[in-house]
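Trainee: One file: upload01.pdb (PDB, C-alpha atoms).
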ATOM      1  CA  MET S 134      -1.830 -59.719 -26.087
ATOM      2  CA  THR S 135      -2.092 -62.995 -24.255
ATOM      3  CA  ILE S 136      -4.978 -65.077 -22.949
ATOM      4  CA  THR S 137      -4.524 -66.950 -19.683
ATOM      5  CA  HIS S 138      -6.627 -68.654 -17.082
ATOM      6  CA  ALA S 139      -6.877 -67.024 -13.674
ATOM      7  CA  SER S 140      -5.117 -67.526 -10.380
ATOM      8  CA  PRO S 141      -5.817 -66.075  -6.927
ATOM      9  CA  ALA S 142      -3.111 -63.480  -7.627
ATOM     10  CA  ASP S 143      -5.413 -61.978 -10.279
ATOM     11  CA  LEU S 144      -8.164 -61.096  -7.790
ATOM     12  CA  ALA S 145      -7.447 -57.357  -7.525
ATOM     13  CA  ALA S 146      -7.285 -56.916 -11.308
ATOM     14  CA  LEU S 147     -10.500 -58.905 -11.775
ATOM     15  CA  CYS S 148     -12.293 -56.829  -9.139
ATOM     16  CA  ALA S 149     -11.200 -53.584 -10.787
ATOM     17  CA  VAL S 150     -12.368 -54.642 -14.248
ATOM     18  CA  GLU S 151     -15.656 -56.064 -12.916
ATOM     19  CA  ALA S 152     -16.394 -52.809 -11.049
ATOM     20  CA  ALA S 153     -15.667 -50.787 -14.193
ATOM     21  CA  CYS S 154     -17.997 -52.918 -16.316
ATOM     22  CA  PHE S 155     -21.129 -53.439 -14.250
ATOM     23  CA  PRO S 156     -23.272 -51.364 -11.897
ATOM     24  CA  PRO S 157     -22.851 -52.383  -8.230
ATOM     25  CA  ALA S 158     -26.117 -54.350  -8.149
ATOM     26  CA  GLU S 159     -24.927 -56.527 -11.055
ATOM     27  CA  ALA S 160     -21.173 -56.748 -10.427
ATOM     28  CA  ALA S 161     -19.606 -59.704  -8.662
ATOM     29  CA  ASP S 162     -18.022 -58.478  -5.452
ATOM     30  CA  GLU S 163     -14.566 -59.378  -4.168
ATOM     31  CA  HIS S 164     -15.859 -62.242  -2.011
ATOM     32  CA  THR S 165     -17.742 -63.792  -4.930
ATOM     33  CA  LEU S 166     -14.790 -63.503  -7.301
ATOM     34  CA  ARG S 167     -12.469 -64.973  -4.653
ATOM     35  CA  GLU S 168     -14.802 -67.964  -4.229
ATOM     36  CA  ARG S 169     -15.023 -68.495  -7.983
ATOM     37  CA  LEU S 170     -11.234 -68.356  -8.287
ATOM     38  CA  ALA S 171     -10.875 -70.929  -5.524
ATOM     39  CA  VAL S 172     -13.259 -73.370  -7.219
ATOM     40  CA  PHE S 173     -12.957 -72.846 -10.966
ATOM     41  CA  PRO S 174      -9.933 -70.704 -11.951
ATOM     42  CA  ASP S 175      -9.709 -72.548 -15.272
ATOM     43  CA  HIS S 176     -13.169 -71.169 -16.142
ATOM     44  CA  PHE S 177     -11.800 -67.637 -16.221
ATOM     45  CA  TRP S 178     -10.286 -66.477 -19.499
ATOM     46  CA  LEU S 179      -8.203 -63.311 -19.119
ATOM     47  CA  LEU S 180      -6.867 -61.104 -21.890
ATOM     48  CA  TRP S 181      -3.717 -59.179 -20.931
ATOM     49  CA  GLU S 182      -1.657 -56.550 -22.661
ATOM     50  CA  HIS S 183       1.703 -55.539 -21.170
ATOM     51  CA  GLY S 184       0.673 -56.856 -17.747
ATOM     52  CA  ARG S 185      -2.665 -55.041 -17.723
ATOM     53  CA  LEU S 186      -5.956 -56.931 -17.629
ATOM     54  CA  LEU S 187      -8.152 -55.586 -20.428
ATOM     55  CA  SER S 188     -10.943 -58.127 -20.630
ATOM     56  CA  PHE S 189     -12.154 -61.360 -19.092
ATOM     57  CA  VAL S 190     -14.893 -63.978 -19.327
ATOM     58  CA  ASN S 191     -15.866 -66.188 -16.415
ATOM     59  CA  GLY S 192     -18.439 -68.820 -15.563
ATOM     60  CA  MET S 193     -18.951 -72.322 -14.263
ATOM     61  CA  ALA S 194     -19.696 -75.682 -15.797
ATOM     62  CA  THR S 195     -22.861 -77.521 -14.834
ATOM     63  CA  ASP S 196     -25.212 -80.223 -16.012
ATOM     64  CA  GLU S 197     -28.121 -77.827 -15.602
ATOM     65  CA  PRO S 198     -29.227 -76.434 -18.974
ATOM     66  CA  ASP S 199     -30.245 -72.985 -17.698
ATOM     67  CA  LEU S 200     -28.353 -70.279 -15.850
ATOM     68  CA  ARG S 201     -29.923 -69.687 -12.424
ATOM     69  CA  ASP S 202     -29.258 -66.659 -10.218
ATOM     70  CA  GLN S 203     -27.907 -68.902  -7.440
ATOM     71  CA  MET S 204     -25.032 -69.898  -9.739
ATOM     72  CA  TYR S 205     -23.653 -66.352  -9.604
ATOM     73  CA  THR S 206     -23.072 -66.595  -5.857
ATOM     74  CA  ASP S 207     -22.622 -70.305  -5.120
ATOM     75  CA  ALA S 208     -19.368 -71.551  -6.644
ATOM     76  CA  ALA S 209     -20.028 -74.991  -5.145
ATOM     77  CA  LEU S 210     -22.578 -75.578  -7.917
ATOM     78  CA  HIS S 211     -19.683 -75.917 -10.385
ATOM     79  CA  ARG S 212     -19.286 -79.380 -11.913
ATOM     80  CA  PRO S 213     -15.881 -79.821 -13.599
ATOM     81  CA  ASP S 214     -17.328 -82.273 -16.124
ATOM     82  CA  GLY S 215     -20.606 -80.395 -16.561
ATOM     83  CA  ARG S 216     -22.283 -80.517 -19.952
ATOM     84  CA  TRP S 217     -22.943 -76.759 -20.125
ATOM     85  CA  GLN S 218     -20.542 -73.854 -19.777
ATOM     86  CA  MET S 219     -22.319 -70.965 -18.077
ATOM     87  CA  ILE S 220     -20.955 -67.487 -18.715
ATOM     88  CA  PHE S 221     -21.452 -65.019 -15.873
ATOM     89  CA  GLY S 222     -19.743 -62.042 -17.404
ATOM     90  CA  VAL S 223     -17.966 -60.750 -20.466
ATOM     91  CA  ASP S 224     -15.990 -57.777 -19.147
ATOM     92  CA  THR S 225     -13.869 -55.331 -21.140
ATOM     93  CA  ILE S 226     -12.564 -52.117 -19.632
ATOM     94  CA  PRO S 227     -14.556 -49.193 -21.057
ATOM     95  CA  ALA S 228     -11.540 -47.498 -22.664
ATOM     96  CA  ARG S 229     -10.836 -50.590 -24.789
ATOM     97  CA  ARG S 230     -14.329 -51.584 -25.913
ATOM     98  CA  ARG S 231     -15.152 -52.006 -29.604
ATOM     99  CA  GLU S 232     -11.669 -53.306 -30.403
ATOM    100  CA  GLY S 233     -12.686 -56.964 -30.661
ATOM    101  CA  LEU S 234     -11.170 -57.980 -27.311
ATOM    102  CA  ALA S 235     -14.329 -59.585 -25.938
ATOM    103  CA  GLY S 236     -14.870 -61.346 -29.254
ATOM    104  CA  ARG S 237     -11.379 -62.772 -29.142
ATOM    105  CA  LEU S 238     -12.065 -64.149 -25.671
ATOM    106  CA  LEU S 239     -15.495 -65.500 -26.590
ATOM    107  CA  ARG S 240     -14.064 -67.385 -29.548
ATOM    108  CA  ARG S 241     -11.484 -68.936 -27.199
ATOM    109  CA  VAL S 242     -14.151 -69.863 -24.626
ATOM    110  CA  ILE S 243     -16.255 -71.475 -27.368
ATOM    111  CA  GLU S 244     -13.204 -73.335 -28.688
ATOM    112  CA  ASP S 245     -12.263 -74.572 -25.198
ATOM    113  CA  THR S 246     -15.858 -75.568 -24.441
ATOM    114  CA  ARG S 247     -15.995 -77.584 -27.656
ATOM    115  CA  ALA S 248     -12.613 -79.207 -26.881
ATOM    116  CA  HIS S 249     -13.925 -80.307 -23.479
ATOM    117  CA  GLY S 250     -16.850 -82.048 -25.170
ATOM    118  CA  ARG S 251     -19.495 -79.896 -23.513
ATOM    119  CA  ARG S 252     -22.943 -79.579 -25.005
ATOM    120  CA  GLY S 253     -22.753 -75.803 -25.280
ATOM    121  CA  LEU S 254     -22.655 -72.411 -23.595
ATOM    122  CA  VAL S 255     -25.310 -70.316 -21.891
ATOM    123  CA  LEU S 256     -25.279 -66.655 -20.913
ATOM    124  CA  THR S 257     -27.715 -63.915 -20.094
ATOM    125  CA  CYS S 258     -27.462 -60.377 -21.420
ATOM    126  CA  LYS S 259     -29.452 -57.213 -21.787
ATOM    127  CA  GLN S 260     -31.621 -56.887 -24.889
ATOM    128  CA  ALA S 261     -29.262 -54.468 -26.624
ATOM    129  CA  LEU S 262     -26.497 -57.094 -26.617
ATOM    130  CA  THR S 263     -28.535 -59.974 -28.059
ATOM    131  CA  PRO S 264     -27.437 -59.232 -31.659
ATOM    132  CA  TYR S 265     -23.791 -59.151 -30.549
ATOM    133  CA  TYR S 266     -23.962 -62.634 -29.045
ATOM    134  CA  ALA S 267     -26.061 -63.892 -31.967
ATOM    135  CA  GLY S 268     -23.044 -63.062 -34.114
ATOM    136  CA  PHE S 269     -21.157 -65.844 -32.305
ATOM    137  CA  GLY S 270     -23.996 -68.310 -32.871
ATOM    138  CA  PHE S 271     -25.907 -67.818 -29.630
ATOM    139  CA  VAL S 272     -29.681 -68.145 -29.994
ATOM    140  CA  ASN S 273     -31.969 -65.774 -28.097
ATOM    141  CA  GLU S 274     -34.385 -67.818 -25.994
ATOM    142  CA  GLY S 275     -36.283 -64.778 -24.738
ATOM    143  CA  VAL S 276     -36.468 -63.157 -21.331
ATOM    144  CA  SER S 277     -34.735 -65.360 -18.788
ATOM    145  CA  GLY S 278     -35.975 -66.139 -15.301
ATOM    146  CA  SER S 279     -33.035 -64.199 -13.883
ATOM    147  CA  ALA S 280     -33.655 -61.243 -11.609
ATOM    148  CA  HIS S 281     -29.922 -60.672 -11.057
ATOM    149  CA  GLY S 282     -29.250 -57.085 -10.064
ATOM    150  CA  GLY S 283     -32.868 -56.139 -10.737
ATOM    151  CA  ALA S 284     -32.311 -56.043 -14.517
ATOM    152  CA  VAL S 285     -34.157 -57.730 -17.387
ATOM    153  CA  TRP S 286     -31.959 -60.429 -18.908
ATOM    154  CA  TYR S 287     -32.261 -62.438 -22.094
ATOM    155  CA  ALA S 288     -31.200 -66.090 -22.181
ATOM    156  CA  MET S 289     -28.735 -66.870 -24.960
ATOM    157  CA  ARG S 290     -27.605 -70.399 -25.834
ATOM    158  CA  LEU S 291     -24.960 -71.766 -28.163
ATOM    159  CA  THR S 292     -25.404 -75.499 -28.696
ATOM    160  CA  LEU S 293     -22.270 -77.206 -29.999
TER     161      LEU S 293
END
Using the file provided, produce a representation of the structure as structure tokens.
Mentor:
Amino acid sequence: MTITHASPADLAALCAVEAACFPPAEAADEHTLRERLAVFPDHFWLLWEHGRLLSFVNGMATDEPDLRDQMYTDAALHRPDGRWQMIFGVDTIPARRREGLAGRLLRRVIEDTRAHGRRGLVLTCKQALTPYYAGFGFVNEGVSGSAHGGAVWYAMRLTL
């Protein structure tokens, strides 16, 4: 297995994995993923096995301390030297979940975020996943202000 950053050539694979991982109201569509790839491809971490994308993490950097819904759709809000790494999604194809793939990627994202001297990472997740992210050191800050996809999201922060 290898971990890479993304390129525009990865768009179709990213779209397929995203669609398999999230309901349509929550999934990033092709246009959104294309825009993100154009602006911050180095903020995509992809885990491949034999040429097949199994899992990926993506998000932008910003100086804003909290993840806002507008960040999901407006790639122009990315700040290359931003103090916070936002995580929009942690995607693993359903057939390969519970094998530690997402954890492997998250550890890499945390390591890279630390190496870039950022203050920390922020993500939102559903309540059932809060213990999972807490295992990586993220602290549950309660229900977030996000209304993304009509779901209830919990704000999780890892301060480095």
Trainee: Take the PyMOL selection byres ((chain S and resi 274) around 9), apply it to the structure above, and return the hits as an mmCIF file with C-alpha atoms, in the frame of the given file.
Mentor:
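This went into selection34.cif:
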data_model
loop_
_atom_site.group_PDB
_atom_site.id
_atom_site.type_symbol
_atom_site.label_atom_id
_atom_site.label_comp_id
_atom_site.auth_asym_id
_atom_site.auth_seq_id
_atom_site.Cartn_x
_atom_site.Cartn_y
_atom_site.Cartn_z
ATOM 1 C CA VAL S 272 -29.681 -68.145 -29.994
ATOM 2 C CA ASN S 273 -31.969 -65.774 -28.097
ATOM 3 C CA GLY S 275 -36.283 -64.778 -24.738
ATOM 4 C CA VAL S 276 -36.468 -63.157 -21.331
ATOM 5 C CA SER S 277 -34.735 -65.360 -18.788
ATOM 6 C CA TYR S 287 -32.261 -62.438 -22.094
ATOM 7 C CA ALA S 288 -31.200 -66.090 -22.181
ATOM 8 C CA MET S 289 -28.735 -66.870 -24.960
ATOM 9 C CA ARG S 290 -27.605 -70.399 -25.834
#
Trainee: Calculated over only C-alpha atoms, which of the candidates S:Ala146, S:Met219, S:Ala139, S:Ala158 has the smallest distance to S:Pro198?
Mentor: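 Closest candidate: S:Met219.
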Trainee: Once the PyMOL selection byres ((chain S and resi 280) around 12) has been applied to the shown file, what residues remain in the selection, as a PDB file with C-alpha atoms, keeping the file's coordinate frame?
Mentor:
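Output (result.pdb):
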ATOM      1  CA  ALA S 158     -26.117 -54.350  -8.149  1.00  0.00           C
ATOM      2  CA  GLU S 159     -24.927 -56.527 -11.055  1.00  0.00           C
ATOM      3  CA  LEU S 200     -28.353 -70.279 -15.850  1.00  0.00           C
ATOM      4  CA  ARG S 201     -29.923 -69.687 -12.424  1.00  0.00           C
ATOM      5  CA  ASP S 202     -29.258 -66.659 -10.218  1.00  0.00           C
ATOM      6  CA  GLN S 203     -27.907 -68.902  -7.440  1.00  0.00           C
ATOM      7  CA  TYR S 205     -23.653 -66.352  -9.604  1.00  0.00           C
ATOM      8  CA  THR S 257     -27.715 -63.915 -20.094  1.00  0.00           C
ATOM      9  CA  CYS S 258     -27.462 -60.377 -21.420  1.00  0.00           C
ATOM     10  CA  LYS S 259     -29.452 -57.213 -21.787  1.00  0.00           C
ATOM     11  CA  VAL S 276     -36.468 -63.157 -21.331  1.00  0.00           C
ATOM     12  CA  SER S 277     -34.735 -65.360 -18.788  1.00  0.00           C
ATOM     13  CA  GLY S 278     -35.975 -66.139 -15.301  1.00  0.00           C
ATOM     14  CA  SER S 279     -33.035 -64.199 -13.883  1.00  0.00           C
ATOM     15  CA  HIS S 281     -29.922 -60.672 -11.057  1.00  0.00           C
ATOM     16  CA  GLY S 282     -29.250 -57.085 -10.064  1.00  0.00           C
ATOM     17  CA  GLY S 283     -32.868 -56.139 -10.737  1.00  0.00           C
ATOM     18  CA  ALA S 284     -32.311 -56.043 -14.517  1.00  0.00           C
ATOM     19  CA  VAL S 285     -34.157 -57.730 -17.387  1.00  0.00           C
ATOM     20  CA  TRP S 286     -31.959 -60.429 -18.908  1.00  0.00           C
ATOM     21  CA  TYR S 287     -32.261 -62.438 -22.094  1.00  0.00           C
ATOM     22  CA  ALA S 288     -31.200 -66.090 -22.181  1.00  0.00           C
TER      23      ALA S 288
END
Trainee: List the residues selected by the PyMOL selection byres ((chain S and resi 271) around 10) in the file shown, writing them as a list in words.
Mentor: Gly253, Leu254, Val255, Leu256, Thr263, Pro264, Tyr265, Tyr266, Ala267, Gly268, Phe269, Gly270, Val272, Asn273, Glu274, Ala288, Met289, Arg290, Leu291 and Thr292 of chain S
Trainee: So, counting all atoms listed in the file, which residue among S:Glu163, S:Asp214, S:Asp199, S:Asp207 is closest to S:Arg251?
Mentor: S:Asp214
Trainee: What is the atom CA of S:Val150 to atom CA of S:Thr246 distance in Å?
Mentor: 23.5 Å
Trainee: May I have a table of the residues of stretch 225-287 of chain S lying at most 12 Å from stretch 174-182 of chain S, giving each one's closest pair of atoms and their distance in Å to one decimal, counting only C-alpha atoms, ordered by chain and ascending residue number, as a tab-separated table?
Mentor:
residue	atom	partner	partner_atom	distance
S:Thr225	CA	S:Leu180	CA	9.1
S:Ile226	CA	S:Leu180	CA	10.9
S:Arg229	CA	S:Glu182	CA	11.1
S:Gly233	CA	S:Leu180	CA	11.3
S:Leu234	CA	S:Leu180	CA	7.6
S:Ala235	CA	S:Leu180	CA	8.6
S:Gly236	CA	S:Leu180	CA	10.9
S:Arg237	CA	S:Leu180	CA	8.7
S:Leu238	CA	S:Trp178	CA	6.8
S:Leu239	CA	S:Trp178	CA	8.9
S:Arg240	CA	S:Trp178	CA	10.8
S:Arg241	CA	S:Trp178	CA	8.2
S:Val242	CA	S:Trp178	CA	7.3
S:Ile243	CA	S:Trp178	CA	11.1
S:Glu244	CA	S:Trp178	CA	11.8
S:Asp245	CA	S:His176	CA	9.7
S:Thr246	CA	S:His176	CA	9.8
S:His249	CA	S:His176	CA	11.7
Trainee: Between S:Gln260, S:Thr135, S:Thr206, S:Gln218, which residue has the minimum interatomic distance to S:Glu168, considering only C-alpha atoms?
Mentor: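 Using only C-alpha atoms, the shortest distance to S:Glu168 belongs to S:Thr206.
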Trainee: Enter the distance from atom CA of S:Thr195 to atom CA of S:Arg230, in Å, rounded to one decimal.
Mentor: 29.5 Å
Trainee: Once you add 5 Å to each side, what are the centre and edge lengths of the axis-aligned box holding all listed atoms of stretch 204-223 of chain S? One decimal in Å, as AutoDock Vina command-line options, if you can.
Mentor:
--center_x -20.5 --center_y -71.5 --center_z -12.8 --size_x 19.2 --size_y 31.5 --size_z 25.3
Trainee: Please, what distance in Å, to one decimal, runs between atom CA of S:Ala208 and atom CA of S:Arg169?
Mentor: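 Taking atom CA of S:Ala208 and atom CA of S:Arg169, their separation equals 5.5 Å.
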Trainee: Ranking S:Pro213, S:Ala194, S:Ile136, S:Pro227 by minimum distance to S:Cys154 and counting all atoms listed in the file, which one comes first?
Mentor: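 Closest to S:Cys154, using all atoms listed in the file: S:Pro227.
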Trainee: Would you list the residues near (-16.8, -62.3, -18.4), meaning any protein, DNA or RNA residue with an atom at most 6 Å from that point in file coordinates, counting only C-alpha atoms, as an NGL selection string?
Mentor: :S and (189-191 or 221-224)
Trainee: Compare S:Leu262, S:Ala161, S:Met134, S:Leu147 by their minimum atom-to-atom distance to S:Met204, counting only C-alpha atoms, and give me the closest one.
Mentor: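 The answer is S:Ala161, which sits nearest to S:Met204.
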Trainee: Please determine, counting only C-alpha atoms, which residue among S:Ala228, S:Asp143, S:Arg247, S:Arg216 has the shortest atom-to-atom distance to S:Leu186.
Mentor: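 Selected residue with least distance to S:Leu186: S:Asp143.
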